[in-house]
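Below you'll find the structure, written out as structure tokens, and then a few comments.
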Amino acid sequence: MKRVIFLLLLLFFTPLSGIADEGMWQPHQLPELENRLTELGLQINPATLSSLTEFPMNAIVSLGGCSASFVSPRGLVATNHHCVYGSIQYNSSPDNNLLTEGFLAASLDEEIPAAPGSRVYVTESVTEVTDQVLTGVNQSMSGINRYRQIEDNTKALIESCEESGVHRCAVPAFHHGREYFLVKRLEIRDLRLVYAPATSIGKYGGDVDNWQWPRHTGDFGFYRAYVGADGKPADHHGDNVPYEPESFLHIAARNLQAEDFVMAAGYPGSTNRYRTADEVENQFTWFYPKARQLREELMDVILANSEEGSQARLNYEGTLASLSNYAKNYRSMVESYQHSDFLERRRQMEREFAQWILADADRAEQFGPAVEELTALIDRVQSTRARDLILSYMNYASMPSMAARLYRLAMERQKPDSEREPGYQERDLTRFRQSVQRLTRNYDQDVDQAILLYLLGRYADLPETQRVDAIDNFFNIGDSLNTSQLRRTVDRMYARSDLDEENVRLEWMNKSPEDFHKSRDRMIRYAVDTYDARMALELESKDIAGRMQQWRSRYMEALIAFNRAQNKPVYADANGTLRVTYGQVKGNQPRDGLRNLPFTTLEGILEKDTGVAPFNAPEKQLALIDEKHYGAYELDTIDSVPVNFLSTVDITGGNSGSAVMNGNAQLVGLLFDGVYESIIGDWDFDEEKNRAIAVDSRYMLWVMEHVDEAESLLEELTIVH
């Protein structure tokens with residue numbers, strides 16, 4: 001423990017001002033970056049950035065997958081268009097297509113409920129709880145026992161944290177199990193859609209422009225958070241009132257220029273900056289190519305089984321957008337990797353790391369076994385990679401997946417609440433119910449059936465040793481695939497099931513295992529007949545996870561000390577918790593002869609526009625641009641209104657919707673993407689090429705005022721000119 005304390009002190013109190021502007025920093029680390037932040041242009045006291053109960057950090061919120069921020073005293077939440085996309089889709093129909101037309105509530109009573117399960121999370125505290133999480137854990141435990149001990153300790157901490165009934169708590173691991181923090185968030189459950197521009201603005205450029213620069217996407221939208229009349233979070237109700245946040249961000253309407261300081265606060269999902277060379281090679285030469293192919297083929301299946309403009313297509317628009325985004329991401333990842341020396345540099349680092357460990361007898365004794373054990377575990381995981389990939393994608397077949405979850409709920413309910421699997425405890429049932437309801441607008445039987453057939457075909461291609469007997473038996477999959485027979489089996493499965501009816505699914509939430517065993521519903525039979533096999537796979541996965549926690553955390557302890565000895569920045573990989581990153585508004589030169597300017601302009605929209613999606617801006621917008629109708633939002637140095645801008649802030653998935661702030665903590669934009677050259681940044685940061693794309697607050701205000709005439713919203717915002 002003394003060694004751990006020493007490394008933590010080294011991590012948090014070594015001066016960091018001389019390092020590159022890299023890293024997704026935990027708020028409590030920011031005071032140690034004071035010199036660099038002030039040098040770049042931070043005007044507010046850096047110490048306030050470490051306080052989650054003070055401005056501006058208490059204005060930064062999570063949507064549970066996207067980031068956002070409060071921008072008014074009445075609970076108005078600014079985020080990306082693609083982050084409110086699911087709610088736009090949920091409220092759309094062929095006769096009232098909000099994706100095409102956009103949506104604007106002129107008053108509170110015109111605001112409409114977000115998709116079921118939508119949330120706003122306000123982080124109130126982050127407390128270090130490593131000792132509590134690792135109580136009872138020792139080096140001699142099996143992987144599964146270690147996993148269960150940590151899970152039990154974590155559940156106890158969460159249960160105590162959530163006694164208020166209005167908080168959602170979590171205990172994420174940092175540095176892969178080296179540290180744990182208890183994160184306490186206020187959970188606001190009534191979220192309503194307020195404003196989203198038409199997709200021809202909010203998704204201008206679509207998949208063609210995704211991860212590209214120059215960019216001209218108005219990727220912004222607004223929710224409003226509501227609470228009960230007593231000010232406490234409550235389920236959706238007509239008597240609820242707008243939430244009053246402790247603080248909110250003002251919107252900057254002028255002044256942001258190239259080279260200016262910016263910082264972004266949000267909830268990045270996950271990065272892999274500390275993975276081994278073997279893991280890097282597997283990810284880029286096997287996983288990304290295979291996963292990309294699966295995603296592209298799933299898109300083809302959905303498109304082939306749903307007509308454009310139909311309810312079926314509307315139900316899958318969100319799924320298609322997600323599949324497409326990550327398919328392009330994976331393809332770009334591989335291309336970036338192939339044109340880099342990333343693997344060679346990682347292997348060279350590991351050679352130097354090994355020499356550093358062996359140079360000291362104590363280090364060799366302490367850390368040598370961790371390197372060996374971790375290597376063996378990685379080999380074990382990769383030995384079943386094909387099976388694990390296909391089975392993970394089976395969740396895209398929504399109805400069989402829902403049946404499996406419903407039966408799992410019935411089984412878990414036989415246990416005391418504290419012993420249930422996370423996701424099936426009493427604290428999870430409201431969200432579970434909402435996922436059952438949400439499926440109604442995200443499902444079509446013909447599409448789902450086609451997805452399952454496609455995935456089972458891919459599954460049947462696995463070697464017999466990688467397949468699961470229970471799945472083989474249920475679908476009659478043998479040594480060679482009988483496609484006609486498989487199709488008949490799947491046809492019967494969907495024809496002889498009532499789970500496509502929402503009320504039926506909700507009823508199954510309250511049924512016993514005996515009810516499931518007696519059922520002749522083919523979806524239910526699938527859930528029951530494959531349950532033991534799926535649980536065996538889960539047990540195997542948890543055993544590996546427990547052993548990974550044991551040895552990767554020790555590996556990280558050594559790597560932290562090694563990086564510090566090399567004067568390299570040390571920050572935890574992103575894990576969905578609140579982080580701050582900083583940099584400057586700046587273009588780049590990704591390759592010879594190509595220079596990216598930091599801002600794009602309204603005129604760029606005109607140049608790209610073809611009148612055909614995804615380059616089909618509204619006629620009103622095009623006319624305003626043609627007239628050079630800039631209003632109060634022109635940037636003199638570019639002689640136009642800036643649409644999007646580049647900055648050097650370090651981001652990843654989950655940062656979508658993050659508030660980009662200037663030195664006075666005023667909102668100057670919302671992050672929504674990265675450039676192609678920095679797509680590999682989840683794994684390998686390159687400060688010369690890394691750039692993040694944000695929608696400029698001036699463009700947001702211009703669209704609101706001159707295109708959509710959102711006067712009531714503009715009056716609600718505090719706009720700084």
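To be explicit about the labels: the chains of the structure tokens are called A, B, and onward in the order shown, and within each one the residues are counted from 1, while ligands get numbers from 1 in the order they are shown.
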(request) Excluding Asp472 in chain A and any residue of its chain fewer than 6 positions from it, enumerate the residues within 10 Å of it, using only C-alpha atoms, and give them as a ChimeraX atom specification. (result) /A:456,459-460,464,478-479,530
Written file, previous selection with N, CA and C atoms, as a tab-separated table (two decimals), in the first residue's frame:
```
chain	number	residue	atom	x	y	z
A	456	LEU	N	-27.00	-15.25	-37.90
A	456	LEU	CA	-26.88	-16.70	-37.72
A	456	LEU	C	-26.06	-17.33	-38.84
A	459	TYR	N	-22.61	-16.68	-37.82
A	459	TYR	CA	-22.30	-17.56	-36.69
A	459	TYR	C	-22.02	-18.98	-37.16
A	460	ALA	N	-22.81	-19.46	-38.12
A	460	ALA	CA	-22.65	-20.83	-38.61
A	460	ALA	C	-21.31	-21.04	-39.29
A	464	GLU	N	-16.65	-25.41	-35.47
A	464	GLU	CA	-17.56	-26.06	-34.54
A	464	GLU	C	-17.10	-25.90	-33.09
A	478	GLY	N	-25.96	-27.43	-38.12
A	478	GLY	CA	-25.07	-28.57	-38.07
A	478	GLY	C	-23.72	-28.28	-38.69
A	479	ASP	N	-23.06	-29.34	-39.17
A	479	ASP	CA	-21.74	-29.18	-39.78
A	479	ASP	C	-21.79	-28.30	-41.02
A	530	THR	N	-31.39	-21.47	-24.23
A	530	THR	CA	-29.98	-21.08	-24.37
A	530	THR	C	-29.42	-20.42	-23.11
```
(message) Could you list, as an MDAnalysis selection string, every residue within 10 Å of Ile60 in chain A, counting only C-alpha atoms and ignoring same-chain residues fewer than 6 positions away?
(response) chainID A and resid 52 67:71 77:78 121:123 247:249 264:267 578 658:659
Quick one: pick out all strand (DSSP E) residues within range 262-457 of chain A from a backbone DSSP run and write them as an mmCIF file with N, CA, C and O atoms, in the first residue's frame.
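The new file out-v3.cif reads:
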```
data_model
loop_
_atom_site.group_PDB
_atom_site.id
_atom_site.type_symbol
_atom_site.label_atom_id
_atom_site.label_comp_id
_atom_site.auth_asym_id
_atom_site.auth_seq_id
_atom_site.Cartn_x
_atom_site.Cartn_y
_atom_site.Cartn_z
ATOM 1 N N VAL A 262 -9.003 27.342 -25.735
ATOM 2 C CA VAL A 262 -10.308 26.719 -25.511
ATOM 3 C C VAL A 262 -10.120 25.516 -24.598
ATOM 4 O O VAL A 262 -9.047 24.910 -24.550
ATOM 5 N N MET A 263 -11.164 25.192 -23.872
ATOM 6 C CA MET A 263 -11.177 23.966 -23.073
ATOM 7 C C MET A 263 -12.534 23.305 -23.262
ATOM 8 O O MET A 263 -13.536 23.984 -23.540
ATOM 9 N N ALA A 264 -12.550 22.012 -23.148
ATOM 10 C CA ALA A 264 -13.791 21.264 -23.325
ATOM 11 C C ALA A 264 -14.026 20.394 -22.103
ATOM 12 O O ALA A 264 -13.095 19.764 -21.587
ATOM 13 N N ALA A 265 -15.264 20.372 -21.641
ATOM 14 C CA ALA A 265 -15.632 19.551 -20.491
ATOM 15 C C ALA A 265 -16.765 18.619 -20.901
ATOM 16 O O ALA A 265 -17.760 19.053 -21.485
ATOM 17 N N GLY A 266 -16.596 17.340 -20.617
ATOM 18 C CA GLY A 266 -17.608 16.365 -20.989
ATOM 19 C C GLY A 266 -17.292 15.000 -20.427
ATOM 20 O O GLY A 266 -16.500 14.860 -19.485
#
```
(message) For the helix (DSSP H, G or I) assignment from backbone DSSP, which residues of range 324-551 of chain A qualify? Please present them as a ChimeraX atom specification.
(response) /A:324-338,342-358,361-383,385-396,398-412,417-419,426-441,445-460,464-466,469-475,483-495,502-508,513-518,522-529,531-551
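In this comparison, which uses only C-alpha atoms, the residue of A:Pro116, A:Gly102, A:Pro94, A:Gly653 approaching Arg433 in chain A most closely is A:Pro116.
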(message) Applying 8 Å and only C-alpha atoms, which residues near Ala470 in chain A remain after dropping the ones on its own chain fewer than 3 positions away? List them as a PyMOL selection string.
(response) chain A and resi 473-474+529-530+533
(message) Restricting the calculation to only C-alpha atoms: of A:Ile378, A:Cys66, A:Ala397, A:Met57, which residue gets closest to Asn655 in chain A?
(response) A:Cys66
Who sits within 8 Å of Gly206 in chain A, only C-alpha atoms, same chain under 2 positions skipped, as a PDB file with N, CA, C and O atoms, in the first residue's frame:
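Everything below was put into selection27.pdb:
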```
ATOM      1  N   LYS A 203     -27.426  17.566 -39.744  1.00  0.00           N
ATOM      2  CA  LYS A 203     -26.600  16.458 -40.230  1.00  0.00           C
ATOM      3  C   LYS A 203     -26.093  16.775 -41.638  1.00  0.00           C
ATOM      4  O   LYS A 203     -25.890  15.869 -42.446  1.00  0.00           O
ATOM      5  N   TYR A 204     -25.902  18.064 -41.908  1.00  0.00           N
ATOM      6  CA  TYR A 204     -25.459  18.474 -43.240  1.00  0.00           C
ATOM      7  C   TYR A 204     -24.110  17.822 -43.575  1.00  0.00           C
ATOM      8  O   TYR A 204     -23.163  17.885 -42.805  1.00  0.00           O
ATOM      9  N   VAL A 208     -20.971  11.293 -45.771  1.00  0.00           N
ATOM     10  CA  VAL A 208     -19.915  11.695 -46.709  1.00  0.00           C
ATOM     11  C   VAL A 208     -18.867  12.538 -45.992  1.00  0.00           C
ATOM     12  O   VAL A 208     -17.657  12.355 -46.157  1.00  0.00           O
ATOM     13  N   ASP A 209     -19.338  13.485 -45.175  1.00  0.00           N
ATOM     14  CA  ASP A 209     -18.430  14.401 -44.485  1.00  0.00           C
ATOM     15  C   ASP A 209     -17.968  13.889 -43.127  1.00  0.00           C
ATOM     16  O   ASP A 209     -17.129  14.527 -42.484  1.00  0.00           O
ATOM     17  N   ASN A 210     -18.527  12.781 -42.668  1.00  0.00           N
ATOM     18  CA  ASN A 210     -18.170  12.266 -41.344  1.00  0.00           C
ATOM     19  C   ASN A 210     -16.660  12.074 -41.227  1.00  0.00           C
ATOM     20  O   ASN A 210     -16.035  11.463 -42.094  1.00  0.00           O
ATOM     21  N   ALA A 613     -29.737  15.184 -50.610  1.00  0.00           N
ATOM     22  CA  ALA A 613     -29.170  14.765 -49.332  1.00  0.00           C
ATOM     23  C   ALA A 613     -27.877  13.987 -49.568  1.00  0.00           C
ATOM     24  O   ALA A 613     -27.782  13.210 -50.518  1.00  0.00           O
ATOM     25  N   PRO A 614     -26.858  14.209 -48.737  1.00  0.00           N
ATOM     26  CA  PRO A 614     -26.865  14.993 -47.501  1.00  0.00           C
ATOM     27  C   PRO A 614     -26.444  16.449 -47.686  1.00  0.00           C
ATOM     28  O   PRO A 614     -26.210  17.144 -46.697  1.00  0.00           O
ATOM     29  N   PHE A 615     -26.347  16.919 -48.948  1.00  0.00           N
ATOM     30  CA  PHE A 615     -25.967  18.314 -49.197  1.00  0.00           C
ATOM     31  C   PHE A 615     -27.170  19.081 -49.725  1.00  0.00           C
ATOM     32  O   PHE A 615     -27.199  19.550 -50.866  1.00  0.00           O
TER      33      PHE A 615
END
```
(message) Please determine, counting only C-alpha atoms, which residue among A:Gln414, A:Ile201, A:Glu421, A:Asn138 has the shortest atom-to-atom distance to Asn616 in chain A.
(response)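 For Asn616 in chain A, the nearest of the given residues is A:Ile201.
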(request) Write out as a list in words which residues come within 12 Å of range 511-516 of chain A when counting only C-alpha atoms, dropping same-chain ones fewer than 3 positions away. (result)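 Near range 511-516 of chain A, the qualifying residues are Ala403, Ala404, Leu406, Tyr407, Arg408, Leu409, Ala410, Met411, Glu412, Arg413, Gln414, Val504, Arg505, Leu506, Glu507, Trp508, Ser519, Arg520, Asp521, Arg522, Met523, Ile524, Arg525, Tyr526, Ala527, Val528, Asp529 and Tyr531 of chain A.
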Expected file contents, prior selection, N, CA and C atoms, as a short mmCIF file (atom, residue, chain, number, x, y, z; two decimals), in the first residue's frame:
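Final output, selection18.cif:
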```cif
data_model
loop_
_atom_site.label_atom_id
_atom_site.label_comp_id
_atom_site.auth_asym_id
_atom_site.auth_seq_id
_atom_site.Cartn_x
_atom_site.Cartn_y
_atom_site.Cartn_z
N ALA A 403 -36.05 -11.03 -25.38
CA ALA A 403 -36.53 -12.24 -24.70
C ALA A 403 -35.51 -12.74 -23.70
N ALA A 404 -34.24 -12.73 -24.09
CA ALA A 404 -33.18 -13.19 -23.19
C ALA A 404 -33.09 -12.29 -21.96
N LEU A 406 -35.55 -10.51 -20.63
CA LEU A 406 -36.74 -10.72 -19.80
C LEU A 406 -36.60 -11.98 -18.94
N TYR A 407 -36.08 -13.05 -19.54
CA TYR A 407 -35.90 -14.28 -18.76
C TYR A 407 -34.81 -14.09 -17.71
N ARG A 408 -33.76 -13.37 -18.06
CA ARG A 408 -32.70 -13.09 -17.08
C ARG A 408 -33.29 -12.32 -15.90
N LEU A 409 -34.18 -11.38 -16.18
CA LEU A 409 -34.81 -10.62 -15.10
C LEU A 409 -35.60 -11.55 -14.18
N ALA A 410 -36.36 -12.47 -14.76
CA ALA A 410 -37.13 -13.42 -13.94
C ALA A 410 -36.21 -14.25 -13.05
N MET A 411 -35.08 -14.68 -13.59
CA MET A 411 -34.13 -15.48 -12.81
C MET A 411 -33.46 -14.64 -11.71
N GLU A 412 -33.09 -13.42 -12.05
CA GLU A 412 -32.42 -12.58 -11.05
C GLU A 412 -33.35 -12.19 -9.92
N ARG A 413 -34.64 -12.08 -10.22
CA ARG A 413 -35.60 -11.69 -9.19
C ARG A 413 -35.81 -12.77 -8.12
N GLN A 414 -35.26 -13.95 -8.35
CA GLN A 414 -35.33 -15.00 -7.33
C GLN A 414 -34.30 -14.77 -6.23
N VAL A 504 -47.44 -6.99 -24.00
CA VAL A 504 -47.02 -8.37 -23.71
C VAL A 504 -45.62 -8.37 -23.10
N ARG A 505 -44.72 -7.59 -23.68
CA ARG A 505 -43.37 -7.51 -23.12
C ARG A 505 -43.39 -7.00 -21.69
N LEU A 506 -44.21 -5.98 -21.45
CA LEU A 506 -44.30 -5.43 -20.09
C LEU A 506 -44.85 -6.46 -19.11
N GLU A 507 -45.80 -7.28 -19.55
CA GLU A 507 -46.34 -8.33 -18.68
C GLU A 507 -45.28 -9.36 -18.32
N TRP A 508 -44.40 -9.69 -19.28
CA TRP A 508 -43.36 -10.67 -19.01
C TRP A 508 -42.35 -10.17 -17.98
N SER A 519 -44.11 -21.61 -21.23
CA SER A 519 -44.51 -20.87 -22.43
C SER A 519 -44.15 -21.63 -23.71
N ARG A 520 -45.01 -21.47 -24.71
CA ARG A 520 -44.74 -22.02 -26.04
C ARG A 520 -44.32 -20.93 -27.02
N ASP A 521 -44.24 -19.71 -26.54
CA ASP A 521 -43.76 -18.60 -27.38
C ASP A 521 -42.32 -18.91 -27.79
N ARG A 522 -42.04 -18.88 -29.10
CA ARG A 522 -40.73 -19.33 -29.57
C ARG A 522 -39.60 -18.39 -29.14
N MET A 523 -39.87 -17.11 -29.00
CA MET A 523 -38.85 -16.20 -28.50
C MET A 523 -38.51 -16.55 -27.04
N ILE A 524 -39.54 -16.82 -26.28
CA ILE A 524 -39.33 -17.19 -24.88
C ILE A 524 -38.58 -18.52 -24.80
N ARG A 525 -38.93 -19.46 -25.68
CA ARG A 525 -38.24 -20.76 -25.69
C ARG A 525 -36.75 -20.57 -25.99
N TYR A 526 -36.44 -19.67 -26.92
CA TYR A 526 -35.04 -19.39 -27.21
C TYR A 526 -34.32 -18.91 -25.96
N ALA A 527 -34.94 -17.99 -25.23
CA ALA A 527 -34.32 -17.44 -24.03
C ALA A 527 -34.07 -18.53 -22.99
N VAL A 528 -35.06 -19.40 -22.82
CA VAL A 528 -34.94 -20.46 -21.81
C VAL A 528 -33.93 -21.52 -22.24
N ASP A 529 -34.02 -21.97 -23.48
CA ASP A 529 -33.20 -23.08 -23.94
C ASP A 529 -31.72 -22.73 -24.05
N TYR A 531 -30.24 -20.32 -22.07
CA TYR A 531 -29.85 -19.57 -20.88
C TYR A 531 -28.58 -20.13 -20.23
#
```
(request) Take CA of Ala277 in chain A and CA of Gln338 in chain A and report the distance between them in Å, one decimal. (result) 14.7 Å
(message) Between A:Asp278, A:Asp491, A:Asp260, A:Glu634, which residue has the minimum interatomic distance to Pro598 in chain A, considering only C-alpha atoms?
(response)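 Closest candidate: A:Asp260.
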(request) Excluding His216 in chain A and any residue of its chain fewer than 4 positions from it, enumerate the residues within 8 Å of it, using only C-alpha atoms, and give them as an MDAnalysis selection string. (result) chainID A and resid 204:205 600:602 604:605 643:644
(request) Would you kindly return, as number ranges by chain, each protein, DNA or RNA residue with an atom no farther than 7 Å from any atom of Pro590 in chain A, considering only C-alpha atoms and excluding same-chain residues fewer than 2 positions away? (result) A: 588, 594, 677, 689
(request) Enter the distance from CA of Tyr195 in chain A to CA of Gln666 in chain A, in Å, rounded to one decimal. (result) 21.0 Å
